[in-house]
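Text of model.tsv (TSV, C-alpha atoms and all ligand atoms) as supplied:
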chain	number	residue	atom	x	y	z
A	13	MET	CA	-67.26	-112.43	-34.07
A	14	LYS	CA	-68.14	-111.52	-30.51
A	15	LYS	CA	-64.47	-111.53	-29.64
A	16	MET	CA	-63.63	-109.23	-32.53
A	17	ILE	CA	-66.16	-106.66	-31.40
A	18	TRP	CA	-64.82	-106.85	-27.90
A	19	ASN	CA	-61.28	-106.21	-29.16
A	20	TRP	CA	-62.54	-103.23	-31.09
A	21	VAL	CA	-64.25	-101.83	-27.99
A	22	LEU	CA	-61.03	-102.21	-26.01
A	23	ALA	CA	-59.07	-100.44	-28.73
A	24	VAL	CA	-61.50	-97.52	-28.74
A	25	LEU	CA	-61.36	-97.31	-24.95
A	26	ALA	CA	-57.56	-97.23	-25.07
A	27	LEU	CA	-57.66	-94.40	-27.62
A	28	THR	CA	-60.10	-92.30	-25.61
A	29	GLY	CA	-58.02	-92.91	-22.51
A	30	ALA	CA	-54.94	-91.60	-24.26
A	31	ALA	CA	-56.79	-88.56	-25.56
A	32	THR	CA	-58.05	-87.64	-22.08
A	33	ALA	CA	-54.57	-87.94	-20.59
A	34	GLN	CA	-53.27	-85.46	-23.15
A	35	ASP	CA	-56.03	-82.99	-22.33
A	36	GLY	CA	-54.41	-82.03	-19.04
A	37	PRO	CA	-55.68	-82.21	-15.48
A	38	LYS	CA	-59.32	-82.05	-14.38
A	39	VAL	CA	-59.74	-78.69	-12.68
A	40	VAL	CA	-62.61	-77.29	-10.59
A	41	VAL	CA	-62.86	-73.60	-9.55
A	42	ASP	CA	-65.24	-71.99	-7.03
A	43	ILE	CA	-66.33	-68.61	-8.51
A	44	ALA	CA	-66.50	-67.10	-12.01
A	45	PRO	CA	-63.74	-64.44	-11.69
A	46	LEU	CA	-61.19	-66.99	-10.45
A	47	HIS	CA	-62.49	-69.52	-13.00
A	48	SER	CA	-61.70	-66.94	-15.67
A	49	LEU	CA	-58.09	-66.60	-14.48
A	50	VAL	CA	-57.66	-70.39	-14.44
A	51	ALA	CA	-59.24	-70.71	-17.91
A	52	GLN	CA	-56.75	-68.16	-19.26
A	53	VAL	CA	-53.80	-70.14	-17.90
A	54	MET	CA	-55.15	-73.50	-19.11
A	55	GLY	CA	-55.78	-72.18	-22.62
A	56	ASP	CA	-55.92	-75.11	-25.06
A	57	MET	CA	-55.01	-77.61	-22.35
A	58	GLY	CA	-58.60	-77.91	-21.14
A	59	GLN	CA	-61.56	-76.14	-19.57
A	60	PRO	CA	-61.98	-75.82	-15.82
A	61	ASP	CA	-65.37	-76.59	-14.24
A	62	LEU	CA	-67.14	-73.73	-12.45
A	63	LEU	CA	-68.73	-74.54	-9.09
A	64	VAL	CA	-70.79	-71.46	-8.14
A	65	PRO	CA	-72.58	-69.87	-11.12
A	66	PRO	CA	-72.24	-66.06	-11.12
A	67	THR	CA	-75.99	-65.66	-10.56
A	68	ALA	CA	-75.70	-67.33	-7.13
A	69	LEU	CA	-74.22	-65.80	-3.99
A	70	PRO	CA	-71.02	-67.59	-3.00
A	71	HIS	CA	-71.32	-66.82	0.71
A	72	ASP	CA	-74.12	-69.31	1.15
A	73	PHE	CA	-74.52	-71.77	-1.69
A	74	SER	CA	-75.58	-75.43	-1.84
A	75	LEU	CA	-73.79	-77.90	-4.08
A	76	ARG	CA	-75.82	-80.00	-6.50
A	77	PRO	CA	-75.02	-83.74	-6.57
A	78	SER	CA	-73.40	-83.41	-10.01
A	79	GLN	CA	-71.07	-80.76	-8.62
A	80	ALA	CA	-70.13	-82.97	-5.71
A	81	ARG	CA	-69.20	-85.63	-8.29
A	82	ASP	CA	-67.08	-83.11	-10.22
A	83	LEU	CA	-65.21	-82.40	-7.01
A	84	GLU	CA	-64.70	-86.11	-6.35
A	85	THR	CA	-62.82	-86.64	-9.62
A	86	ALA	CA	-60.90	-83.35	-9.66
A	87	ASP	CA	-57.10	-83.29	-9.84
A	88	ILE	CA	-56.92	-79.68	-8.65
A	89	VAL	CA	-59.48	-77.43	-6.93
A	90	PHE	CA	-58.75	-73.69	-7.01
A	91	TRP	CA	-60.79	-71.70	-4.49
A	92	VAL	CA	-60.62	-68.25	-2.92
A	93	GLY	CA	-60.77	-69.43	0.69
A	94	PRO	CA	-63.04	-70.17	3.65
A	95	GLU	CA	-63.59	-66.44	4.25
A	96	LEU	CA	-65.71	-66.38	1.05
A	97	THR	CA	-67.21	-69.89	1.06
A	98	PRO	CA	-67.14	-71.34	4.58
A	99	TRP	CA	-69.34	-74.27	3.45
A	100	LEU	CA	-66.69	-75.30	0.91
A	101	GLY	CA	-63.92	-75.14	3.49
A	102	ASP	CA	-65.76	-77.69	5.60
A	103	ALA	CA	-66.70	-79.96	2.71
A	104	LEU	CA	-63.59	-79.94	0.53
A	105	PRO	CA	-61.39	-82.46	2.37
A	106	ASN	CA	-64.26	-84.98	2.17
A	107	LEU	CA	-65.47	-84.13	-1.34
A	108	SER	CA	-62.04	-83.96	-2.97
A	109	PRO	CA	-59.76	-86.10	-0.84
A	110	GLY	CA	-57.47	-86.91	-3.79
A	111	ALA	CA	-57.23	-83.41	-5.25
A	112	LYS	CA	-54.66	-80.73	-4.70
A	113	ARG	CA	-56.62	-77.93	-3.02
A	114	VAL	CA	-55.27	-74.46	-3.74
A	115	GLU	CA	-56.52	-71.64	-1.50
A	116	MET	CA	-55.83	-68.41	-3.38
A	117	LEU	CA	-56.04	-66.01	-0.40
A	118	LYS	CA	-53.02	-67.85	1.03
A	119	THR	CA	-50.90	-67.06	-2.03
A	120	PRO	CA	-47.78	-65.27	-0.72
A	121	GLY	CA	-47.86	-61.56	-1.51
A	122	THR	CA	-51.66	-61.33	-1.85
A	123	PHE	CA	-52.85	-57.91	-0.65
A	124	GLN	CA	-54.95	-58.66	2.43
A	125	ARG	CA	-57.44	-56.10	3.69
A	126	MET	CA	-59.51	-56.39	6.85
A	127	LEU	CA	-63.31	-56.25	6.56
A	128	ARG	CA	-64.49	-52.75	7.39
A	129	ASP	CA	-66.90	-53.82	10.05
A	130	GLY	CA	-68.47	-51.31	12.38
A	131	GLY	CA	-69.22	-47.64	11.70
A	132	GLN	CA	-70.89	-47.06	8.34
A	133	PHE	CA	-69.94	-50.52	7.12
A	134	GLY	CA	-71.56	-52.77	9.65
A	135	GLY	CA	-73.20	-53.60	12.88
A	136	GLY	CA	-71.47	-54.73	16.01
A	137	GLY	CA	-67.87	-55.13	14.91
A	138	GLU	CA	-68.10	-58.92	15.07
A	139	HIS	CA	-66.06	-59.34	11.87
A	140	ALA	CA	-63.43	-56.80	12.84
A	141	ASP	CA	-60.47	-59.18	12.50
A	142	GLU	CA	-61.62	-61.00	9.35
A	143	SER	CA	-59.84	-60.70	6.04
A	144	ASP	CA	-61.97	-59.28	3.21
A	145	PRO	CA	-62.34	-62.23	0.80
A	146	HIS	CA	-63.19	-60.22	-2.36
A	147	ALA	CA	-59.47	-60.03	-3.15
A	148	TRP	CA	-59.85	-60.84	-6.87
A	149	LEU	CA	-61.17	-57.30	-7.38
A	150	ASP	CA	-57.61	-56.01	-6.98
A	151	PRO	CA	-56.00	-56.69	-10.39
A	152	GLU	CA	-52.57	-56.92	-8.72
A	153	ASN	CA	-53.84	-59.86	-6.72
A	154	ALA	CA	-55.18	-61.38	-9.93
A	155	ALA	CA	-51.74	-61.03	-11.53
A	156	LEU	CA	-50.11	-62.78	-8.57
A	157	TRP	CA	-52.73	-65.50	-8.67
A	158	LEU	CA	-52.16	-66.12	-12.40
A	159	ALA	CA	-48.52	-66.94	-11.68
A	160	ARG	CA	-49.53	-69.25	-8.82
A	161	ILE	CA	-52.14	-70.99	-10.99
A	162	ALA	CA	-49.48	-71.66	-13.65
A	163	GLN	CA	-47.13	-73.11	-10.99
A	164	GLU	CA	-49.79	-75.42	-9.56
A	165	LEU	CA	-50.93	-76.63	-12.98
A	166	ALA	CA	-47.31	-77.21	-14.03
A	167	ALA	CA	-46.63	-79.28	-10.90
A	168	THR	CA	-49.61	-81.52	-11.73
A	169	ASP	CA	-49.02	-81.58	-15.48
A	170	PRO	CA	-45.26	-80.96	-16.04
A	171	GLU	CA	-45.47	-81.80	-19.74
A	172	ASN	CA	-47.38	-78.59	-20.40
A	173	SER	CA	-45.56	-76.36	-17.91
A	174	GLY	CA	-44.11	-74.14	-20.64
A	175	ALA	CA	-47.54	-73.43	-22.09
A	176	TYR	CA	-49.06	-72.66	-18.66
A	177	LYS	CA	-46.24	-70.23	-17.93
A	178	ALA	CA	-46.55	-68.51	-21.32
A	179	ASN	CA	-50.35	-68.18	-20.96
A	180	ALA	CA	-49.98	-66.72	-17.47
A	181	GLU	CA	-47.41	-64.20	-18.71
A	182	ASP	CA	-49.75	-63.07	-21.50
A	183	ALA	CA	-52.64	-62.74	-19.05
A	184	ILE	CA	-50.52	-60.74	-16.56
A	185	GLN	CA	-49.53	-58.36	-19.36
A	186	GLY	CA	-53.22	-57.98	-20.25
A	187	ILE	CA	-54.08	-57.16	-16.64
A	188	LYS	CA	-51.40	-54.46	-16.50
A	189	GLU	CA	-52.87	-52.76	-19.55
A	190	LEU	CA	-56.39	-53.13	-18.17
A	191	SER	CA	-55.39	-51.55	-14.83
A	192	ALA	CA	-53.86	-48.56	-16.58
A	193	GLU	CA	-57.05	-48.02	-18.62
A	194	VAL	CA	-59.38	-48.35	-15.64
A	195	SER	CA	-57.17	-46.08	-13.54
A	196	ALA	CA	-57.26	-43.36	-16.22
A	197	ARG	CA	-61.04	-43.64	-16.54
A	198	LEU	CA	-61.54	-43.32	-12.77
A	199	ALA	CA	-59.07	-40.48	-12.21
A	200	PRO	CA	-61.65	-37.68	-12.61
A	201	VAL	CA	-64.04	-39.18	-9.99
A	202	ARG	CA	-61.42	-40.46	-7.55
A	203	ASP	CA	-62.30	-38.15	-4.65
A	204	ILE	CA	-66.09	-38.32	-4.89
A	205	PRO	CA	-67.46	-40.52	-2.06
A	206	PHE	CA	-70.17	-43.13	-2.58
A	207	ILE	CA	-72.06	-45.92	-0.80
A	208	VAL	CA	-72.05	-49.61	-1.80
A	209	TYR	CA	-74.64	-52.30	-1.10
A	210	HIS	CA	-72.35	-54.76	0.69
A	211	ASP	CA	-68.73	-54.21	1.50
A	212	ALA	CA	-67.33	-56.11	-1.48
A	213	PHE	CA	-65.30	-53.49	-3.34
A	214	GLN	CA	-62.62	-52.50	-0.86
A	215	HIS	CA	-59.89	-54.24	-2.88
A	216	PHE	CA	-60.97	-52.41	-6.02
A	217	GLU	CA	-61.28	-49.06	-4.21
A	218	ALA	CA	-57.86	-49.34	-2.61
A	219	ARG	CA	-56.15	-50.21	-5.89
A	220	PHE	CA	-57.74	-47.31	-7.78
A	221	GLY	CA	-57.83	-44.75	-4.96
A	222	LEU	CA	-61.62	-44.57	-4.59
A	223	THR	CA	-63.64	-43.69	-1.49
A	224	ALA	CA	-66.66	-45.71	-0.38
A	225	ILE	CA	-67.94	-44.29	2.91
A	226	GLY	CA	-70.45	-46.96	3.88
A	227	SER	CA	-72.46	-50.05	2.95
A	228	VAL	CA	-76.22	-50.53	3.08
A	229	ALA	CA	-75.97	-54.15	4.24
A	230	SER	CA	-74.14	-54.61	7.51
A	231	GLY	CA	-72.56	-57.94	6.63
A	232	GLU	CA	-72.28	-60.77	4.11
A	233	GLY	CA	-75.72	-61.94	3.05
A	234	ALA	CA	-77.43	-59.73	5.64
A	235	ALA	CA	-80.48	-57.93	4.23
A	236	PRO	CA	-80.70	-54.40	5.64
A	237	GLY	CA	-83.75	-53.45	7.69
A	238	ALA	CA	-85.77	-50.25	7.38
A	239	ARG	CA	-83.78	-48.50	10.10
A	240	ARG	CA	-80.44	-49.25	8.47
A	241	MET	CA	-81.79	-48.02	5.11
A	242	ALA	CA	-82.99	-44.78	6.71
A	243	GLU	CA	-79.56	-44.27	8.30
A	244	MET	CA	-77.85	-44.68	4.96
A	245	ARG	CA	-80.23	-42.23	3.33
A	246	ALA	CA	-79.42	-39.69	6.04
A	247	LEU	CA	-75.70	-40.26	5.47
A	248	ALA	CA	-76.13	-39.86	1.71
A	249	GLU	CA	-78.01	-36.57	2.14
A	250	ASP	CA	-75.61	-35.31	4.75
A	251	ARG	CA	-72.63	-35.88	2.44
A	252	SER	CA	-74.51	-34.85	-0.74
A	253	LEU	CA	-73.61	-38.16	-2.37
A	254	ARG	CA	-74.15	-38.69	-6.07
A	255	CYS	CA	-74.26	-42.48	-6.18
A	256	LEU	CA	-75.25	-45.58	-4.33
A	257	PHE	CA	-74.19	-48.83	-5.95
A	258	THR	CA	-76.41	-51.83	-5.39
A	259	GLU	CA	-75.75	-55.34	-6.81
A	260	PRO	CA	-77.42	-57.46	-9.51
A	261	GLN	CA	-78.91	-59.93	-6.98
A	262	VAL	CA	-80.57	-57.13	-5.00
A	263	ASN	CA	-84.03	-55.73	-5.78
A	264	ARG	CA	-83.00	-52.36	-7.16
A	265	GLU	CA	-86.49	-50.87	-6.94
A	266	SER	CA	-86.77	-51.35	-3.19
A	267	VAL	CA	-83.43	-49.61	-2.68
A	268	ALA	CA	-84.31	-46.85	-5.16
A	269	GLN	CA	-87.56	-46.20	-3.27
A	270	VAL	CA	-85.70	-45.52	-0.04
A	271	PHE	CA	-83.39	-43.04	-1.76
A	272	ASP	CA	-86.12	-41.41	-3.86
A	273	GLY	CA	-85.87	-37.63	-3.66
A	274	SER	CA	-82.49	-37.69	-1.88
A	275	GLY	CA	-80.59	-36.70	-5.01
A	276	VAL	CA	-78.69	-39.99	-4.98
A	277	SER	CA	-78.59	-42.08	-8.17
A	278	VAL	CA	-78.95	-45.81	-7.64
A	279	SER	CA	-76.60	-47.69	-9.97
A	280	VAL	CA	-75.33	-51.28	-10.04
A	281	LEU	CA	-71.91	-52.81	-9.38
A	282	ASP	CA	-71.28	-56.49	-9.97
A	283	PRO	CA	-68.45	-58.20	-8.05
A	284	LEU	CA	-68.97	-61.64	-9.66
A	285	GLY	CA	-69.90	-61.28	-13.34
A	286	VAL	CA	-73.63	-62.11	-13.36
A	287	ASP	CA	-74.23	-60.77	-16.87
A	288	LEU	CA	-70.98	-62.04	-18.32
A	289	ASP	CA	-70.18	-65.36	-19.98
A	290	PRO	CA	-67.96	-67.52	-17.78
A	291	GLY	CA	-64.60	-68.17	-19.41
A	292	PRO	CA	-61.24	-66.56	-20.15
A	293	GLY	CA	-62.69	-63.13	-21.03
A	294	LEU	CA	-64.83	-62.71	-17.92
A	295	TYR	CA	-62.20	-61.29	-15.58
A	296	GLU	CA	-61.20	-58.40	-17.80
A	297	ALA	CA	-64.83	-57.59	-18.65
A	298	LEU	CA	-65.71	-57.62	-14.94
A	299	ILE	CA	-63.02	-55.14	-13.87
A	300	GLU	CA	-63.82	-52.95	-16.86
A	301	SER	CA	-67.55	-52.90	-16.08
A	302	ILE	CA	-67.00	-51.96	-12.42
A	303	GLY	CA	-64.74	-49.08	-13.48
A	304	GLN	CA	-67.21	-48.00	-16.13
A	305	SER	CA	-70.24	-48.05	-13.78
A	306	ILE	CA	-68.48	-45.99	-11.14
A	307	ALA	CA	-67.13	-43.46	-13.65
A	308	ALA	CA	-70.49	-43.12	-15.41
A	309	CYS	CA	-72.58	-42.55	-12.27
A	310	GLN	CA	-70.10	-40.35	-10.45
A	311	SER	CA	-69.41	-38.07	-13.40
A	312	ALA	CA	-73.10	-37.54	-14.23
A	313	GLY	CA	-74.97	-34.79	-12.41
A	401	ZN	ZN	-69.33	-60.57	-0.40

structure tokens encoding of this file:
Amino acid sequence: MKKMIWNWVLAVLALTGAATAQDGPKVVVDIAPLHSLVAQVMGDMGQPDLLVPPTALPHDFSLRPSQARDLETADIVFWVGPELTPWLGDALPNLSPGAKRVEMLKTPGTFQRMLRDGGQFGGGGEHADESDPHAWLDPENAALWLARIAQELAATDPENSGAYKANAEDAIQGIKELSAEVSARLAPVRDIPFIVYHDAFQHFEARFGLTAIGSVASGEGAAPGARRMAEMRALAEDRSLRCLFTEPQVNRESVAQVFDGSGVSVSVLDPLGVDLDPGPGLYEALIESIGQSIAACQSAG
């Protein structure tokens, strides 16, 4: 009797093993916008794990033990690059020694833009030769990355390569249509300057021809002091700006107080998708919401 049960257990284990193998590779992704692109390419072949929840700031984030375990068993890790998550760059070779590690910023053809350090965007110019890591906010980069994601998944899981390719092609078509819509919506406000909270939207601005003239924070994760805030208010008044865009993780009230009476509206732009559900639909919703927020604030008043 005991032996029979044992045989049954082995049979069940064999079945589950087979089912898992069919489900495609185990994939881990660093941030929600990239996770959304990967989820679109994987489609029915499986769901990627998301490392940094959109409510957290990727620049300095600490992994939970369960996430370290996810990384240990991953077949592929897709990540933006050490410019965005330096902590991950250091940890990845140890945490995921067996995984293929795909750094998206290194994808050939990716539009690279240098961080706008110095002047109205920063302090001492210490980041002057660093690449701006928020490259997913340019939909043309996202389209390039979709094709790369399909290639990498196909190399790991050749059986499903046709499906990965077809999913990527669909997603690229969707991004083209999205870009055209966002571009049309932004056309009327294209030449109206504005200020952002931290210099995260350069890739979006460049793609859609917008003009940010400064950032309140002078670097990644750097909270602005009173003097910096006063400088930005003076700039806003000097240029008769309509809008300053802060971010969901920032205390909007404290920023609004500084700009009270300056004629500047304080609105919110989200580079990561804090209020959106992670998954295939997040990327499109994110780009749409950034376009919508800018158009709405800049065309009011
Ligand atoms: Zn940033």

For chain A versus ligand ZN 401 (chain A), which residues have an atom no more than 10 Å away, and what is each residue's nearest atom pair and distance in Å rounded to one decimal, using only C-alpha atoms and all ligand atoms, chain-then-number order, as JSON lines?
{"residue": "A:Leu69", "atom": "CA", "partner": "A:ZN401", "partner_atom": "ZN", "distance": 8.0}
{"residue": "A:Pro70", "atom": "CA", "partner": "A:ZN401", "partner_atom": "ZN", "distance": 7.7}
{"residue": "A:His71", "atom": "CA", "partner": "A:ZN401", "partner_atom": "ZN", "distance": 6.7}
{"residue": "A:Glu95", "atom": "CA", "partner": "A:ZN401", "partner_atom": "ZN", "distance": 9.4}
{"residue": "A:Leu96", "atom": "CA", "partner": "A:ZN401", "partner_atom": "ZN", "distance": 7.0}
{"residue": "A:Thr97", "atom": "CA", "partner": "A:ZN401", "partner_atom": "ZN", "distance": 9.7}
{"residue": "A:Asp144", "atom": "CA", "partner": "A:ZN401", "partner_atom": "ZN", "distance": 8.3}
{"residue": "A:Pro145", "atom": "CA", "partner": "A:ZN401", "partner_atom": "ZN", "distance": 7.3}
{"residue": "A:His146", "atom": "CA", "partner": "A:ZN401", "partner_atom": "ZN", "distance": 6.5}
{"residue": "A:Tyr209", "atom": "CA", "partner": "A:ZN401", "partner_atom": "ZN", "distance": 9.9}
{"residue": "A:His210", "atom": "CA", "partner": "A:ZN401", "partner_atom": "ZN", "distance": 6.6}
{"residue": "A:Asp211", "atom": "CA", "partner": "A:ZN401", "partner_atom": "ZN", "distance": 6.7}
{"residue": "A:Ala212", "atom": "CA", "partner": "A:ZN401", "partner_atom": "ZN", "distance": 5.0}
{"residue": "A:Phe213", "atom": "CA", "partner": "A:ZN401", "partner_atom": "ZN", "distance": 8.7}
{"residue": "A:Gly231", "atom": "CA", "partner": "A:ZN401", "partner_atom": "ZN", "distance": 8.2}
{"residue": "A:Glu232", "atom": "CA", "partner": "A:ZN401", "partner_atom": "ZN", "distance": 5.4}
{"residue": "A:Gly233", "atom": "CA", "partner": "A:ZN401", "partner_atom": "ZN", "distance": 7.4}
{"residue": "A:Pro283", "atom": "CA", "partner": "A:ZN401", "partner_atom": "ZN", "distance": 8.1}
{"residue": "A:Leu284", "atom": "CA", "partner": "A:ZN401", "partner_atom": "ZN", "distance": 9.3}

At a cut-off of 6 Å, using only C-alpha atoms, what residues contact segment 41-56 of chain A? Leave out same-chain residues fewer than 6 positions from it and give the result as a count of residues only. 15

Any chance you could work out the axis-aligned box around segment 250-267 of chain A, listed atoms only, 5 Å on each side, giving centre and edge lengths in Å to one decimal, as AutoDock Vina command-line options?
--center_x -79.7 --center_y -47.4 --center_z -2.4 --size_x 24.1 --size_y 35.1 --size_z 24.3

In Å and to one decimal, atom CA of Ser195 of chain A is distant from atom CA of Ala229 of chain A by 27.1 Å

Is it possible to get the residues within 10 Å of (-79.6, -49.8, -12.7) (coordinates as in the file, counting only C-alpha atoms) written as a PyMOL selection string? chain A and resi 257-260+264-265+268+277-281+305

Expressed in Å, the length from atom CA of Leu83 of chain A to atom CA of Trp157 of chain A is 21.1 Å

Q) Which is closer to Leu288 of chain A than all the others in A:Ala246, A:Thr67, A:Gln59, A:Gln132, using all atoms listed in the file? A)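 Ranked by minimum distance to Leu288 of chain A, first place goes to A:Thr67.
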
Considering only C-alpha atoms, can you say which of A:Glu181, A:Glu193, A:Asp72, A:Asp61 comes closest to Gln163 of chain A?
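Checking each of A:Glu181, A:Glu193, A:Asp72, A:Asp61 against Gln163 of chain A, counting only C-alpha atoms, the winner is A:Glu181.
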
Best match for closeness to Gln261 of chain A among A:Ala68, A:Ile161, A:Ala175, A:Met244, counting all atoms listed in the file
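So, comparing all the options, the nearest one is A:Ala68.
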
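What separates atom CA of Val40 of chain A from atom CA of Glu296 of chain A is a distance of 20.3 Å.
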
Out of A:Thr85, A:Asn153, A:Ser266, A:Gln214, which residue has the shortest atom-to-atom distance to Met126 of chain A when counting all atoms listed in the file?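 Of A:Thr85, A:Asn153, A:Ser266, A:Gln214, the one nearest Met126 of chain A is A:Gln214, counting all atoms listed in the file.
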
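Candidate residues A:Ala154, A:Met116, A:Ala167, A:Ala159 were compared for distance to Pro37 of chain A, and the nearest is A:Ala167, using all atoms listed in the file.
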
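Minimum distance to Phe220 of chain A across A:Ala312, A:Ala162, A:Ser173, A:Glu152 (counting all atoms listed in the file) occurs at A:Glu152.
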